[in-house]
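Here's the structure we're looking at; comments come further down.
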Amino acid sequence: MAKREFKNKRMKEVIKNIADDFRYSGEMNEYALLFYKADTTGIINGTEIDKMFEYVTTGLEELSKNIQWREEFLQDNAGIDEIKMLQNMKTIEEEYIELKDFLKK
């Protein structure tokens, strides 16, 4: 069974950031639980790898179609300015790309 262990400091940080995003929103769906587990144990395996890969791939696709996402984000976070939001989106995109590359190995 395939296994991915998050030993690298940067990958641990990426996993923690995504898990923290889920924690902030209070989500408890399948993906949230997957990232919570990865953040806590530092390991995923088998179908969990596929699910995490699916999540970041879908996330990257959504970011590329970001007009609707941007509007929803600004509505949900009225106090944030657009420059900060764009910087956030860029950070999310970079982390998703790094994680996707890591999971492909």
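Order determines the names: the first chain of the structure tokens is A, the second B, and so forth; residues in each chain are numbered 1 upward, and ligands are numbered 1 upward as they are shown.
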
List every residue of region 12-104 of chain A that DSSP, applied to the backbone of this structure, assigns to helix (DSSP H, G or I), and report them as a ChimeraX atom specification.
-> /A:12-25,30-41,47-64,66-76,82-104

Report the closest atom pair, with its distance in Å rounded to one decimal, for each residue of region 42-92 of chain A that has an atom no farther than 12 Å from region 6-18 of chain A; count only C-alpha atoms, sort by chain and then rising residue number, and write it as CSV.
residue,atom,partner,partner_atom,distance
A:Gly42,CA,A:Phe6,CA,5.0
A:Ile43,CA,A:Phe6,CA,6.1
A:Ile44,CA,A:Phe6,CA,8.5
A:Asn45,CA,A:Phe6,CA,11.3
A:Ile49,CA,A:Phe6,CA,11.9
A:Met52,CA,A:Ile15,CA,10.3
A:Tyr55,CA,A:Ile18,CA,10.8
A:Val56,CA,A:Ile18,CA,10.0
A:Gly59,CA,A:Ile18,CA,11.3
A:Asn88,CA,A:Asn17,CA,11.6
A:Thr91,CA,A:Val14,CA,10.0
A:Ile92,CA,A:Ile18,CA,8.5

Take the residues just selected and output them with N, CA and C atoms as a CSV table (one decimal), in the first residue's frame.
chain,number,residue,atom,x,y,z
A,42,GLY,N,0.9,13.0,10.5
A,42,GLY,CA,2.0,13.2,9.5
A,42,GLY,C,2.0,12.1,8.4
A,43,ILE,N,1.0,11.3,8.3
A,43,ILE,CA,1.0,10.2,7.4
A,43,ILE,C,-0.3,10.0,6.8
A,44,ILE,N,-0.4,9.7,5.5
A,44,ILE,CA,-1.6,9.3,4.8
A,44,ILE,C,-1.2,8.1,3.9
A,45,ASN,N,-2.2,7.3,3.6
A,45,ASN,CA,-1.9,6.1,2.7
A,45,ASN,C,-3.0,5.7,1.9
A,49,ILE,N,-4.3,9.2,-0.2
A,49,ILE,CA,-3.5,9.9,-1.1
A,49,ILE,C,-4.3,10.4,-2.3
A,52,MET,N,-6.7,13.3,-1.3
A,52,MET,CA,-6.0,14.5,-1.1
A,52,MET,C,-5.5,15.1,-2.4
A,55,TYR,N,-8.5,16.6,-4.0
A,55,TYR,CA,-8.9,17.9,-3.4
A,55,TYR,C,-8.0,19.0,-3.9
A,56,VAL,N,-6.7,18.8,-4.0
A,56,VAL,CA,-5.9,19.9,-4.4
A,56,VAL,C,-6.0,20.2,-5.9
A,59,GLY,N,-9.2,22.1,-6.2
A,59,GLY,CA,-9.0,23.4,-5.7
A,59,GLY,C,-8.2,24.3,-6.6
A,88,ASN,N,-3.6,36.1,-0.6
A,88,ASN,CA,-4.1,34.8,0.0
A,88,ASN,C,-4.3,33.7,-1.1
A,91,THR,N,-1.0,32.4,-2.3
A,91,THR,CA,-0.4,31.5,-1.3
A,91,THR,C,-1.1,30.2,-1.4
A,92,ILE,N,-2.4,30.1,-1.4
A,92,ILE,CA,-3.2,28.9,-1.5
A,92,ILE,C,-2.7,28.1,-2.8

For Ile97 (chain A), work out the shell of residues within 9 Å, counting only C-alpha atoms and skipping chain neighbours fewer than 3 positions away, then give it as number ranges by chain.
-> A: 56-57, 60, 92-94, 100-102

Just-selected residues, N, CA, C and O atoms written as a JSON list (two decimals), in the first residue's frame:
[["chain", "number", "residue", "atom", "x", "y", "z"],
["A", 56, "VAL", "N", -6.72, 18.85, -3.95],
["A", 56, "VAL", "CA", -5.87, 19.95, -4.40],
["A", 56, "VAL", "C", -6.03, 20.20, -5.90],
["A", 56, "VAL", "O", -5.97, 21.35, -6.34],
["A", 57, "THR", "N", -6.27, 19.16, -6.67],
["A", 57, "THR", "CA", -6.49, 19.33, -8.11],
["A", 57, "THR", "C", -7.76, 20.14, -8.35],
["A", 57, "THR", "O", -7.76, 21.09, -9.14],
["A", 60, "LEU", "N", -7.23, 23.76, -7.32],
["A", 60, "LEU", "CA", -6.48, 24.53, -8.32],
["A", 60, "LEU", "C", -7.36, 24.91, -9.50],
["A", 60, "LEU", "O", -7.26, 26.01, -10.03],
["A", 92, "ILE", "N", -2.40, 30.15, -1.44],
["A", 92, "ILE", "CA", -3.15, 28.90, -1.52],
["A", 92, "ILE", "C", -2.75, 28.14, -2.78],
["A", 92, "ILE", "O", -2.48, 26.93, -2.74],
["A", 93, "GLU", "N", -2.69, 28.83, -3.90],
["A", 93, "GLU", "CA", -2.30, 28.20, -5.15],
["A", 93, "GLU", "C", -0.91, 27.58, -5.05],
["A", 93, "GLU", "O", -0.71, 26.43, -5.45],
["A", 94, "GLU", "N", 0.04, 28.30, -4.51],
["A", 94, "GLU", "CA", 1.41, 27.79, -4.37],
["A", 94, "GLU", "C", 1.44, 26.55, -3.49],
["A", 94, "GLU", "O", 2.11, 25.56, -3.81],
["A", 100, "LYS", "N", 0.39, 18.93, -4.47],
["A", 100, "LYS", "CA", 0.06, 18.07, -5.61],
["A", 100, "LYS", "C", 1.33, 17.40, -6.15],
["A", 100, "LYS", "O", 1.33, 16.20, -6.40],
["A", 101, "ASP", "N", 2.39, 18.16, -6.30],
["A", 101, "ASP", "CA", 3.66, 17.60, -6.77],
["A", 101, "ASP", "C", 4.19, 16.55, -5.80],
["A", 101, "ASP", "O", 4.67, 15.49, -6.20],
["A", 102, "PHE", "N", 4.09, 16.81, -4.50],
["A", 102, "PHE", "CA", 4.54, 15.87, -3.48],
["A", 102, "PHE", "C", 3.74, 14.57, -3.57],
["A", 102, "PHE", "O", 4.30, 13.48, -3.47]]

All strand (DSSP E) residues (DSSP, backbone) inside chain A, as a compact mmCIF listing (two decimals) with N, CA and C atoms, in the first residue's frame:
# COMPACT_ATOMS: atom_id res chain seq x y z
N LYS A 3 2.19 4.98 0.64
CA LYS A 3 2.15 5.80 1.86
C LYS A 3 2.91 7.09 1.60
N ARG A 4 2.41 8.18 2.15
CA ARG A 4 3.11 9.46 2.10
C ARG A 4 3.28 9.94 3.53
N GLU A 5 4.52 10.23 3.88
CA GLU A 5 4.82 10.74 5.20
C GLU A 5 5.31 12.17 5.06
N ILE A 43 1.02 11.29 8.35
CA ILE A 43 1.03 10.18 7.38
C ILE A 43 -0.35 10.00 6.76
N ILE A 44 -0.36 9.73 5.46
CA ILE A 44 -1.58 9.28 4.78
C ILE A 44 -1.19 8.08 3.92
N ASN A 45 -2.18 7.27 3.56
CA ASN A 45 -1.85 6.12 2.71
C ASN A 45 -3.04 5.72 1.85

Contacts of Asp20 (chain A) within 10 Å, only C-alpha atoms, excl. fewer than 4 positions in-chain, as a PDB file with C-alpha atoms, in the first residue's frame:
ATOM      1  CA  VAL A  14       1.247  23.221   3.932  1.00  0.00           C
ATOM      2  CA  ILE A  15      -0.813  20.426   5.525  1.00  0.00           C
ATOM      3  CA  LYS A  16      -1.215  22.456   8.730  1.00  0.00           C
ATOM      4  CA  TYR A  24     -11.421  28.013  10.931  1.00  0.00           C
ATOM      5  CA  SER A  25     -14.529  27.262   8.903  1.00  0.00           C
ATOM      6  CA  GLY A  26     -15.598  24.485  11.288  1.00  0.00           C
ATOM      7  CA  ALA A  32     -11.434  18.191   6.372  1.00  0.00           C
ATOM      8  CA  PHE A  35      -6.322  16.996   6.460  1.00  0.00           C
ATOM      9  CA  TYR A  36      -6.907  16.899  10.229  1.00  0.00           C
ATOM     10  CA  ASP A  39      -1.806  17.250  10.324  1.00  0.00           C
TER      11      ASP A  39
END

Nearest to Phe73 (chain A) by atom-to-atom distance, counting only C-alpha atoms, from A:Thr40, A:Thr58, A:Met85, A:Leu99 | A:Met85
